[in-house]
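Raw contents of data04.cif, mmCIF, C-alpha atoms and all ligand atoms:
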data_upload
loop_
_atom_site.group_PDB
_atom_site.id
_atom_site.type_symbol
_atom_site.label_atom_id
_atom_site.label_comp_id
_atom_site.auth_asym_id
_atom_site.auth_seq_id
_atom_site.Cartn_x
_atom_site.Cartn_y
_atom_site.Cartn_z
ATOM 1 C CA MET E 1 -82.888 -83.854 35.404
ATOM 2 C CA SER E 2 -82.493 -86.841 37.637
ATOM 3 C CA GLU E 3 -80.575 -90.001 36.873
ATOM 4 C CA LEU E 4 -82.923 -92.826 35.847
ATOM 5 C CA VAL E 5 -80.237 -95.402 35.037
ATOM 6 C CA SER E 6 -77.052 -95.583 37.014
ATOM 7 C CA ILE E 7 -74.331 -98.101 36.177
ATOM 8 C CA ARG E 8 -71.276 -98.159 38.391
ATOM 9 C CA ASN E 9 -68.098 -100.145 37.978
ATOM 10 C CA LEU E 10 -69.959 -102.932 36.179
ATOM 11 C CA SER E 11 -68.139 -106.077 35.083
ATOM 12 C CA PHE E 12 -69.469 -109.277 33.588
ATOM 13 C CA SER E 13 -67.845 -112.387 32.103
ATOM 14 C CA TYR E 14 -69.226 -115.510 30.478
ATOM 15 C CA GLY E 15 -66.861 -118.025 32.055
ATOM 16 C CA SER E 16 -63.430 -116.919 30.881
ATOM 17 C CA THR E 17 -64.805 -114.487 28.244
ATOM 18 C CA VAL E 18 -64.808 -110.982 29.621
ATOM 19 C CA ALA E 19 -67.800 -109.172 28.072
ATOM 20 C CA LEU E 20 -67.841 -105.944 30.108
ATOM 21 C CA GLU E 21 -65.220 -104.439 32.350
ATOM 22 C CA ASN E 22 -65.552 -101.487 34.724
ATOM 23 C CA ILE E 23 -68.424 -99.766 32.975
ATOM 24 C CA ASP E 24 -69.709 -96.470 34.386
ATOM 25 C CA LEU E 25 -72.734 -95.043 32.635
ATOM 26 C CA SER E 26 -75.701 -92.911 33.472
ATOM 27 C CA VAL E 27 -78.920 -92.040 31.682
ATOM 28 C CA LEU E 28 -80.783 -88.945 32.737
ATOM 29 C CA GLU E 29 -84.558 -88.951 32.795
ATOM 30 C CA GLY E 30 -86.083 -87.800 29.508
ATOM 31 C CA THR E 31 -82.898 -88.331 27.472
ATOM 32 C CA THR E 32 -81.805 -90.880 24.890
ATOM 33 C CA LEU E 33 -78.633 -92.911 25.202
ATOM 34 C CA GLY E 34 -77.379 -94.485 21.973
ATOM 35 C CA LEU E 35 -75.315 -97.623 22.594
ATOM 36 C CA ILE E 36 -72.854 -98.405 19.836
ATOM 37 C CA GLY E 37 -69.864 -100.684 19.493
ATOM 38 C CA PRO E 38 -68.368 -103.364 17.279
ATOM 39 C CA ASN E 39 -69.701 -106.930 17.129
ATOM 40 C CA GLY E 40 -69.020 -108.653 20.417
ATOM 41 C CA GLY E 41 -68.526 -105.285 22.147
ATOM 42 C CA GLY E 42 -70.971 -106.144 24.928
ATOM 43 C CA LYS E 43 -74.105 -104.190 23.943
ATOM 44 C CA SER E 44 -76.499 -107.133 24.221
ATOM 45 C CA THR E 45 -74.862 -108.219 27.446
ATOM 46 C CA LEU E 46 -75.445 -104.758 28.922
ATOM 47 C CA MET E 47 -79.093 -104.903 27.806
ATOM 48 C CA LYS E 48 -79.488 -108.309 29.478
ATOM 49 C CA LEU E 49 -77.942 -106.969 32.665
ATOM 50 C CA MET E 50 -80.309 -103.980 32.574
ATOM 51 C CA LEU E 51 -83.241 -106.358 32.192
ATOM 52 C CA GLY E 52 -82.103 -108.473 35.122
ATOM 53 C CA LEU E 53 -81.555 -111.504 32.871
ATOM 54 C CA LEU E 54 -77.903 -111.622 33.930
ATOM 55 C CA GLU E 55 -76.348 -110.667 37.256
ATOM 56 C CA PRO E 56 -73.188 -108.512 37.377
ATOM 57 C CA ASP E 57 -69.961 -110.125 38.573
ATOM 58 C CA ALA E 58 -68.990 -106.779 40.066
ATOM 59 C CA GLY E 59 -70.481 -103.318 40.317
ATOM 60 C CA GLU E 60 -74.145 -102.408 40.163
ATOM 61 C CA ILE E 61 -77.003 -101.213 38.019
ATOM 62 C CA ARG E 62 -79.866 -99.151 39.437
ATOM 63 C CA ILE E 63 -82.956 -98.222 37.490
ATOM 64 C CA GLY E 64 -85.119 -95.722 39.300
ATOM 65 C CA GLY E 65 -83.054 -96.627 42.360
ATOM 66 C CA LEU E 66 -83.941 -100.335 42.076
ATOM 67 C CA THR E 67 -81.985 -103.391 40.981
ATOM 68 C CA PRO E 68 -82.994 -104.421 37.430
ATOM 69 C CA ARG E 69 -84.925 -107.453 38.706
ATOM 70 C CA LYS E 70 -86.968 -105.330 41.085
ATOM 71 C CA ALA E 71 -87.427 -102.674 38.400
ATOM 72 C CA VAL E 72 -88.725 -105.294 35.928
ATOM 73 C CA ARG E 73 -91.006 -106.798 38.576
ATOM 74 C CA ARG E 74 -92.521 -103.366 39.235
ATOM 75 C CA GLY E 75 -93.933 -103.561 35.732
ATOM 76 C CA ASP E 76 -94.137 -99.851 35.013
ATOM 77 C CA LEU E 77 -90.459 -98.871 34.886
ATOM 78 C CA ILE E 78 -88.932 -100.743 31.947
ATOM 79 C CA GLY E 79 -90.296 -101.443 28.484
ATOM 80 C CA TYR E 80 -88.262 -103.583 26.106
ATOM 81 C CA LEU E 81 -88.369 -103.921 22.345
ATOM 82 C CA PRO E 82 -86.381 -107.049 21.460
ATOM 83 C CA GLN E 83 -84.373 -107.180 18.265
ATOM 84 C CA ARG E 84 -86.653 -109.451 16.278
ATOM 85 C CA PRO E 85 -89.758 -110.219 18.278
ATOM 86 C CA HIS E 86 -90.907 -113.705 17.466
ATOM 87 C CA THR E 87 -94.434 -114.004 16.127
ATOM 88 C CA PRO E 88 -95.630 -117.540 15.518
ATOM 89 C CA LYS E 89 -97.367 -117.772 12.159
ATOM 90 C CA ASN E 90 -101.150 -117.784 12.550
ATOM 91 C CA PHE E 91 -100.881 -116.556 16.141
ATOM 92 C CA PRO E 92 -104.567 -116.264 17.002
ATOM 93 C CA ALA E 93 -104.623 -112.721 18.357
ATOM 94 C CA SER E 94 -105.562 -109.330 17.042
ATOM 95 C CA VAL E 95 -103.343 -106.264 17.145
ATOM 96 C CA ARG E 96 -105.364 -104.896 20.087
ATOM 97 C CA GLN E 97 -105.071 -108.171 22.026
ATOM 98 C CA VAL E 98 -101.305 -108.298 21.576
ATOM 99 C CA VAL E 99 -100.883 -104.698 22.732
ATOM 100 C CA ARG E 100 -103.138 -105.380 25.745
ATOM 101 C CA MET E 101 -100.819 -108.253 26.713
ATOM 102 C CA GLY E 102 -98.360 -105.540 27.657
ATOM 103 C CA LEU E 103 -100.686 -104.520 30.471
ATOM 104 C CA SER E 104 -99.955 -107.698 32.392
ATOM 105 C CA GLY E 105 -96.887 -106.120 34.009
ATOM 106 C CA ARG E 106 -98.954 -103.205 35.222
ATOM 107 C CA ALA E 107 -101.852 -105.507 36.111
ATOM 108 C CA GLY E 108 -99.422 -107.299 38.395
ATOM 109 C CA LEU E 109 -99.382 -104.112 40.395
ATOM 110 C CA LEU E 110 -103.072 -103.363 40.249
ATOM 111 C CA HIS E 111 -104.372 -106.955 39.986
ATOM 112 C CA SER E 112 -106.388 -106.309 36.841
ATOM 113 C CA PRO E 113 -106.170 -103.698 34.119
ATOM 114 C CA THR E 114 -108.432 -100.702 34.645
ATOM 115 C CA THR E 115 -110.627 -98.938 32.095
ATOM 116 C CA ASP E 116 -107.967 -96.259 32.156
ATOM 117 C CA ASP E 117 -105.365 -98.849 31.087
ATOM 118 C CA PHE E 118 -107.561 -100.036 28.221
ATOM 119 C CA ALA E 119 -108.157 -96.430 27.159
ATOM 120 C CA PHE E 120 -104.394 -95.892 27.173
ATOM 121 C CA VAL E 121 -103.962 -98.920 24.873
ATOM 122 C CA GLU E 122 -106.489 -97.409 22.467
ATOM 123 C CA SER E 123 -104.605 -94.111 22.486
ATOM 124 C CA LEU E 124 -101.344 -95.983 21.889
ATOM 125 C CA LEU E 125 -102.857 -97.842 18.921
ATOM 126 C CA THR E 126 -103.738 -94.484 17.385
ATOM 127 C CA ARG E 127 -100.360 -92.957 18.239
ATOM 128 C CA VAL E 128 -98.462 -95.770 16.545
ATOM 129 C CA GLY E 129 -100.735 -95.569 13.503
ATOM 130 C CA LEU E 130 -102.535 -98.881 14.067
ATOM 131 C CA GLY E 131 -105.957 -97.542 15.007
ATOM 132 C CA ASP E 132 -107.503 -98.875 11.789
ATOM 133 C CA LEU E 133 -105.798 -102.252 12.150
ATOM 134 C CA ALA E 134 -106.679 -102.920 15.790
ATOM 135 C CA ASP E 135 -108.900 -105.906 14.986
ATOM 136 C CA ARG E 136 -106.596 -107.370 12.351
ATOM 137 C CA PRO E 137 -104.898 -110.728 13.191
ATOM 138 C CA ILE E 138 -101.235 -109.910 13.716
ATOM 139 C CA GLY E 139 -100.221 -112.694 11.305
ATOM 140 C CA GLU E 140 -101.534 -110.456 8.503
ATOM 141 C CA LEU E 141 -99.275 -107.474 9.269
ATOM 142 C CA SER E 142 -96.143 -106.294 7.493
ATOM 143 C CA GLY E 143 -92.763 -106.222 9.287
ATOM 144 C CA GLY E 144 -92.985 -102.467 9.895
ATOM 145 C CA GLN E 145 -96.545 -102.710 11.229
ATOM 146 C CA LEU E 146 -95.548 -105.587 13.500
ATOM 147 C CA GLN E 147 -92.711 -103.502 14.894
ATOM 148 C CA ARG E 148 -95.246 -100.830 15.853
ATOM 149 C CA VAL E 149 -97.418 -103.450 17.555
ATOM 150 C CA TYR E 150 -94.485 -104.507 19.717
ATOM 151 C CA ILE E 151 -93.531 -100.935 20.540
ATOM 152 C CA ALA E 152 -97.126 -100.300 21.624
ATOM 153 C CA ARG E 153 -97.072 -103.514 23.689
ATOM 154 C CA ALA E 154 -93.834 -102.435 25.382
ATOM 155 C CA LEU E 155 -95.364 -99.029 26.139
ATOM 156 C CA ALA E 156 -98.727 -100.330 27.386
ATOM 157 C CA PRO E 157 -97.642 -100.484 31.055
ATOM 158 C CA ARG E 158 -96.460 -96.854 30.714
ATOM 159 C CA PRO E 159 -92.774 -97.488 31.423
ATOM 160 C CA LYS E 160 -90.420 -94.623 32.126
ATOM 161 C CA LEU E 161 -87.579 -96.319 30.292
ATOM 162 C CA LEU E 162 -87.772 -97.977 26.873
ATOM 163 C CA LEU E 163 -84.915 -100.253 25.794
ATOM 164 C CA LEU E 164 -84.697 -100.687 22.038
ATOM 165 C CA ASP E 165 -82.423 -103.400 20.669
ATOM 166 C CA GLU E 166 -81.462 -102.754 17.033
ATOM 167 C CA PRO E 167 -84.920 -101.436 16.137
ATOM 168 C CA THR E 168 -83.992 -100.430 12.580
ATOM 169 C CA VAL E 169 -82.482 -103.745 11.486
ATOM 170 C CA GLY E 170 -84.078 -104.997 8.284
ATOM 171 C CA ILE E 171 -85.859 -101.702 7.550
ATOM 172 C CA ASP E 172 -85.033 -99.765 4.369
ATOM 173 C CA ARG E 173 -83.440 -96.305 4.559
ATOM 174 C CA GLY E 174 -86.729 -94.379 4.225
ATOM 175 C CA GLY E 175 -88.366 -96.631 6.786
ATOM 176 C CA GLN E 176 -85.470 -96.060 9.199
ATOM 177 C CA GLN E 177 -85.883 -92.306 8.922
ATOM 178 C CA ARG E 178 -89.631 -92.566 9.552
ATOM 179 C CA PHE E 179 -88.985 -94.847 12.516
ATOM 180 C CA ILE E 180 -86.549 -92.363 14.073
ATOM 181 C CA GLU E 181 -89.056 -89.527 13.711
ATOM 182 C CA PHE E 182 -91.801 -91.729 15.092
ATOM 183 C CA ILE E 183 -89.841 -92.805 18.169
ATOM 184 C CA GLN E 184 -88.709 -89.224 18.840
ATOM 185 C CA GLN E 185 -92.316 -88.079 18.778
ATOM 186 C CA LEU E 186 -93.416 -90.885 21.109
ATOM 187 C CA LYS E 187 -90.578 -90.015 23.452
ATOM 188 C CA VAL E 188 -91.742 -86.414 23.731
ATOM 189 C CA GLU E 189 -95.448 -87.268 23.982
ATOM 190 C CA LEU E 190 -94.958 -89.918 26.651
ATOM 191 C CA GLY E 191 -91.995 -88.365 28.468
ATOM 192 C CA LEU E 192 -89.856 -91.457 27.849
ATOM 193 C CA THR E 193 -86.212 -92.139 28.534
ATOM 194 C CA LEU E 194 -84.635 -94.261 25.783
ATOM 195 C CA VAL E 195 -81.691 -96.613 25.528
ATOM 196 C CA PHE E 196 -81.158 -97.408 21.879
ATOM 197 C CA VAL E 197 -78.732 -100.132 20.747
ATOM 198 C CA SER E 198 -77.801 -99.938 17.106
ATOM 199 C CA HIS E 199 -75.160 -100.608 14.511
ATOM 200 C CA ASP E 200 -76.764 -97.847 12.519
ATOM 201 C CA LEU E 201 -74.570 -94.861 13.305
ATOM 202 C CA ARG E 202 -76.750 -92.519 11.321
ATOM 203 C CA ALA E 203 -79.820 -93.489 13.322
ATOM 204 C CA VAL E 204 -77.983 -93.346 16.652
ATOM 205 C CA THR E 205 -76.394 -89.974 16.080
ATOM 206 C CA ALA E 206 -79.746 -88.612 14.907
ATOM 207 C CA ILE E 207 -81.694 -89.784 17.927
ATOM 208 C CA ALA E 208 -79.310 -89.820 20.883
ATOM 209 C CA ASP E 209 -78.570 -87.047 23.365
ATOM 210 C CA ARG E 210 -75.518 -89.029 24.404
ATOM 211 C CA ILE E 211 -73.613 -91.894 22.850
ATOM 212 C CA ALA E 212 -71.888 -94.699 24.697
ATOM 213 C CA CYS E 213 -69.370 -96.719 22.711
ATOM 214 C CA LEU E 214 -68.671 -100.165 24.156
ATOM 215 C CA SER E 215 -65.946 -102.563 23.221
ATOM 216 C CA GLY E 216 -65.530 -104.559 26.410
ATOM 217 C CA THR E 217 -64.754 -101.289 28.161
ATOM 218 C CA LEU E 218 -66.394 -97.912 27.678
ATOM 219 C CA HIS E 219 -64.588 -95.900 24.994
ATOM 220 C CA TYR E 220 -66.833 -92.879 24.745
ATOM 221 C CA HIS E 221 -69.724 -91.391 26.714
ATOM 222 C CA ASP E 222 -70.730 -87.964 25.532
ATOM 223 C CA VAL E 223 -72.814 -86.056 23.013
ATOM 224 C CA PRO E 224 -72.938 -87.301 19.376
ATOM 225 C CA ASP E 225 -71.344 -84.121 18.027
ATOM 226 C CA HIS E 226 -68.054 -84.907 19.750
ATOM 227 C CA LEU E 227 -67.879 -88.529 18.614
ATOM 228 C CA PRO E 228 -64.265 -88.863 17.453
ATOM 229 C CA ALA E 229 -64.085 -89.677 13.750
ATOM 230 C CA GLU E 230 -60.954 -91.748 14.356
ATOM 231 C CA LEU E 231 -62.661 -93.888 16.985
ATOM 232 C CA VAL E 232 -65.550 -94.574 14.616
ATOM 233 C CA TYR E 233 -63.185 -95.344 11.769
ATOM 234 C CA ARG E 234 -61.201 -97.813 13.840
ATOM 235 C CA MET E 235 -64.168 -99.506 15.433
ATOM 236 C CA PHE E 236 -66.555 -99.613 12.499
ATOM 237 C CA ALA E 237 -64.259 -99.094 9.497
ATOM 238 C CA CYS E 238 -66.490 -96.303 8.300
ATOM 239 C CA ASP E 239 -66.051 -92.619 7.737
ATOM 240 C CA LEU E 240 -68.287 -90.207 9.654
ATOM 241 C CA GLU E 241 -67.872 -87.445 7.111
ATOM 242 C CA ALA E 242 -68.620 -89.691 4.157
ATOM 243 C CA MET E 243 -71.760 -90.798 5.980
ATOM 244 C CA GLY E 244 -72.848 -87.191 6.372
ATOM 245 C CA ILE E 245 -72.587 -87.397 10.163
ATOM 246 C CA LYS E 246 -71.305 -84.424 12.049
ATOM 247 C CA GLY E 247 -68.513 -85.938 14.072
ATOM 248 C CA GLY E 248 -66.025 -84.539 16.484
ATOM 249 C CA HIS E 249 -62.315 -84.074 16.493
ATOM 250 C CA VAL E 250 -59.774 -86.691 15.570
ATOM 251 C CA CYS E 251 -58.833 -89.027 18.367
ATOM 252 C CA THR E 252 -55.123 -89.363 18.947
ATOM 253 C CA HIS E 253 -55.194 -92.792 20.579
ATOM 254 C CA GLY E 254 -54.136 -95.966 18.797
ATOM 255 C CA ALA E 255 -56.180 -98.884 17.574
ATOM 256 C CA ALA E 256 -59.613 -99.474 19.101
ATOM 257 C CA GLU E 257 -58.328 -102.335 21.251
ATOM 258 C CA THR E 258 -55.759 -100.045 22.807
ATOM 259 C CA LEU E 259 -57.982 -97.027 23.341
ATOM 260 C CA VAL E 260 -58.089 -95.894 26.914
ATOM 261 C CA PRO E 261 -61.513 -96.444 28.476
ATOM 262 C CA ILE E 262 -63.098 -93.288 29.764
ATOM 263 C CA GLY E 263 -65.295 -92.286 32.631
ATOM 264 C CA VAL E 264 -68.771 -90.801 32.846
ATOM 265 C CA GLY E 265 -69.127 -87.393 31.231
ATOM 266 C CA SER E 266 -65.643 -87.294 29.788
ATOM 267 C CA ARG E 267 -64.626 -88.013 26.255
ATOM 268 C CA VAL E 268 -61.647 -89.255 24.335
ATOM 269 C CA ALA E 269 -59.172 -86.426 24.274
ATOM 270 C CA SER E 270 -58.263 -84.705 21.068
HETATM 271 N N1 LIG G 301 -74.010 -116.808 26.060
HETATM 272 C C1 LIG G 301 -72.730 -116.507 25.869
HETATM 273 N N2 LIG G 301 -71.765 -117.363 26.261
HETATM 274 C C2 LIG G 301 -70.458 -117.059 26.118
HETATM 275 N N3 LIG G 301 -70.009 -115.906 25.591
HETATM 276 C C3 LIG G 301 -70.922 -115.020 25.187
HETATM 277 C C4 LIG G 301 -72.318 -115.260 25.306
HETATM 278 N N4 LIG G 301 -72.987 -114.180 24.831
HETATM 279 C C5 LIG G 301 -72.059 -113.308 24.433
HETATM 280 N N5 LIG G 301 -70.815 -113.814 24.638
HETATM 281 C C6 LIG G 301 -69.536 -113.115 24.371
HETATM 282 O O1 LIG G 301 -69.539 -111.903 25.124
HETATM 283 C C7 LIG G 301 -68.980 -110.838 24.357
HETATM 284 C C8 LIG G 301 -70.008 -109.716 24.216
HETATM 285 O O2 LIG G 301 -71.091 -110.186 23.416
HETATM 286 P P1 LIG G 301 -72.406 -109.342 23.159
HETATM 287 O O3 LIG G 301 -73.377 -110.260 22.467
HETATM 288 O O4 LIG G 301 -72.839 -108.702 24.401
HETATM 289 O O5 LIG G 301 -71.879 -108.219 22.131
HETATM 290 P P2 LIG G 301 -72.699 -107.251 21.190
HETATM 291 O O6 LIG G 301 -72.030 -105.927 21.289
HETATM 292 O O7 LIG G 301 -74.134 -107.291 21.507
HETATM 293 O O8 LIG G 301 -72.431 -107.895 19.761
HETATM 294 P P3 LIG G 301 -73.295 -107.778 18.416
HETATM 295 O O9 LIG G 301 -73.185 -106.356 17.962
HETATM 296 O O10 LIG G 301 -72.571 -108.710 17.485
HETATM 297 O O11 LIG G 301 -74.699 -108.206 18.712
HETATM 298 C C9 LIG G 301 -68.537 -111.456 23.035
HETATM 299 O O12 LIG G 301 -67.178 -111.818 23.168
HETATM 300 C C10 LIG G 301 -69.395 -112.710 22.918
HETATM 301 O O13 LIG G 301 -68.744 -113.691 22.161
#
Let me see whether you can do it: turn the structure in this file into C-alpha cells.
Ligand SMILES: Nc1ncnc2c1ncn2[C@@H]1O[C@H](COP(=O)(O)OP(=O)(O)OP(=O)(O)O)[C@@H](O)[C@H]1O
Amino acid sequence: MSELVSIRNLSFSYGSTVALENIDLSVLEGTTLGLIGPNGGGKSTLMKLMLGLLEPDAGEIRIGGLTPRKAVRRGDLIGYLPQRPHTPKNFPASVRQVVRMGLSGRAGLLHSPTTDDFAFVESLLTRVGLGDLADRPIGELSGGQLQRVYIARALAPRPKLLLLDEPTVGIDRGGQQRFIEFIQQLKVELGLTLVFVSHDLRAVTAIADRIACLSGTLHYHDVPDHLPAELVYRMFACDLEAMGIKGGHVCTHGAAETLVPIGVGSRVAS
C-alpha cells in the first residue's frame, strides 16, 4: 500500500498559541486514520492544514505527492465533510442538485461534467439511500438524511481521500452505529482512504485501522487495539474497558501533558 497522506515534522501556531508541534503522520491508501484528542488538541487545525486553509509554520504535508492547496485544486483528490454543514432554510435546491454541486471540482478539470459524472451522482444517490428523495428540496430533509446528502456531494468528484470532521455529532447511538457501517461500506465500494476526526472513541476504534492521538504533539499513532487505557483515561477521563472498547496495555507515562510524543509507527511503551 502506498502512502496517500504524508505529514512530516509539522508545526503550526496561532500567534503565540502553539497548536501543533513536530507532527509526523502517514495515511496509507485504502486505510482509515482516526484522529482523537482532547478539546484544543489540534485536530481541527490539522484538518485545516490538510485542506490548505492554513499554511504550516514548519514541516510539510503531501497528499498524493502534492501540497494540500494543489491537491484541493485538482478537485478529485480530497473530499471533505464539515462538522455541521450549513444549509440555509428554504435553500432552493433538490437533493440531486446539491450532490451535483460536488462535481464542480471535477468539472474544473474537465471543463464541464460528463454524462459519466452525472451517472456517478445517480449511483451515489442510491448508495447513500437517497434515490427516492433525489427530487426533494433539501430543506425538507432530516438531519441524518442531510448528512448523507453532504457525504454524497463530497464524494461526487470521486476523491481518493475523504476527511470527516466529527460526523457522528448529534446523532443518537443507533444512528451512529448505522453511520459507521454505512461509511465502512462506502469506503470498500469506492476504494476510499478516510481521515476521521471524532470525540467518539467507540466510533473511532470501530472504524479506524490506525489511531492518532493529538494533544499539541502526537501521543499515539498505531492500531486501535494497542491504544493505552491509561492514555485514554488521562486525556478523556473515560475508561476503555467500561466503554466496552478493547484497549491496549497500561501506559506508564505520567499525566497527558507530560506524555512523551511518539514517532510514526511506534506507540507509547508499556
Ligand atoms: N483561530 C484561532 N486563533 C487562535 N487560536 C486558535 C484558533 N483556532 C484554534 N486555536 C487554538 O489552537 C489550539 C488547537 O485548537 P483546535 O481547534 O485545532 O483543537 P481541536 O482538537 O480541534 O479542539 P476541539 O476538539 O475542541 O474541536 C487550541 O489551543 C485553540 O485554542
Review point. Care to translate the PyMOL selection byres (((not hetatm)) within 10 of (chain G and resi 301)) into actual residues of this file, as a PyMOL selection string?
Key: chain E and resi 12-20+35-49+83+165-166+197-199+213-216
Practice item. Please evaluate the PyMOL selection byres (((chain E and resi 81) around 12) and not hetatm) against the displayed coordinates and give the resulting residues as a PyMOL selection string. Key: chain E and resi 47+51+78-80+82-86+102+146-155+159+161-168+183+194-197
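Interatomic distance, CA of Arg96 (chain E) to CA of Gln177 (chain E): 25.7 Å.
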Revision key, fill the gap. Counting only C-alpha atoms, closest pick from E:Gly52, E:Pro92, E:Gly144, E:Gly59 relative to Phe179 (chain E) is E:Gly144
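For the pair CA of Val98 (chain E) and CA of Gly191 (chain E), the separation is 23.1 Å.
Minimum atom-to-atom distances from E:Pro68, E:Met1, E:Asp222, E:Tyr233 to Leu33 (chain E) were compared using all atoms listed in the file, and the lowest value belongs to E:Asp222.
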Exercise for review: Go ahead and compute the interatomic distance for CA of Gly34 (chain E) and CA of Glu122 (chain E), in Å to one decimal.
Suggested key: 29.3 Å
Please build the interface table for region 27-67 of chain E against region 3-7 of chain E with a cut-off of 12 Å, listing for each qualifying residue the nearest atom pair and the distance in Å to one decimal; count all atoms listed in the file, order rows by chain and increasing number, and write it as CSV.
residue,atom,partner,partner_atom,distance
E:Val27,CA,E:Val5,CA,4.9
E:Leu28,CA,E:Glu3,CA,4.3
E:Glu29,CA,E:Leu4,CA,5.2
E:Gly30,CA,E:Leu4,CA,8.7
E:Thr31,CA,E:Leu4,CA,9.5
E:Thr32,CA,E:Leu4,CA,11.2
E:Leu33,CA,E:Val5,CA,10.3
E:Leu46,CA,E:Ile7,CA,9.9
E:Met47,CA,E:Ile7,CA,11.8
E:Leu49,CA,E:Ile7,CA,10.2
E:Met50,CA,E:Val5,CA,8.9
E:Leu51,CA,E:Val5,CA,11.7
E:Pro56,CA,E:Ile7,CA,10.5
E:Ala58,CA,E:Ile7,CA,10.9
E:Gly59,CA,E:Ile7,CA,7.7
E:Glu60,CA,E:Ile7,CA,5.9
E:Ile61,CA,E:Ile7,CA,4.5
E:Arg62,CA,E:Ser6,CA,5.1
E:Ile63,CA,E:Val5,CA,4.6
E:Gly64,CA,E:Leu4,CA,5.0
E:Gly65,CA,E:Leu4,CA,7.5
E:Leu66,CA,E:Val5,CA,9.4
E:Thr67,CA,E:Ser6,CA,10.1
Let me have the centre and edge lengths in Å, one decimal, of the box along x, y and z around every listed atom of region 118-131 of chain E with 5 Å of margin on each side, as JSON.
{"center_x": -103.3, "center_y": -96.5, "center_z": 20.9, "size_x": 19.7, "size_y": 17.1, "size_z": 24.7}
To verify the selection step, state as a compact mmCIF listing (two decimals) with C-alpha atoms, keeping the file's coordinate frame which residues the PyMOL selection byres (((chain E and resi 130-143) around 6) and not hetatm) yields on this input.
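Listing of result14.txt after writing:
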# COMPACT_ATOMS: atom_id res chain seq x y z
CA LYS E 89 -97.37 -117.77 12.16
CA ASN E 90 -101.15 -117.78 12.55
CA ALA E 93 -104.62 -112.72 18.36
CA SER E 94 -105.56 -109.33 17.04
CA VAL E 95 -103.34 -106.26 17.14
CA ARG E 96 -105.36 -104.90 20.09
CA LEU E 125 -102.86 -97.84 18.92
CA THR E 126 -103.74 -94.48 17.39
CA VAL E 128 -98.46 -95.77 16.55
CA GLY E 129 -100.74 -95.57 13.50
CA GLY E 144 -92.98 -102.47 9.90
CA GLN E 145 -96.54 -102.71 11.23
CA LEU E 146 -95.55 -105.59 13.50
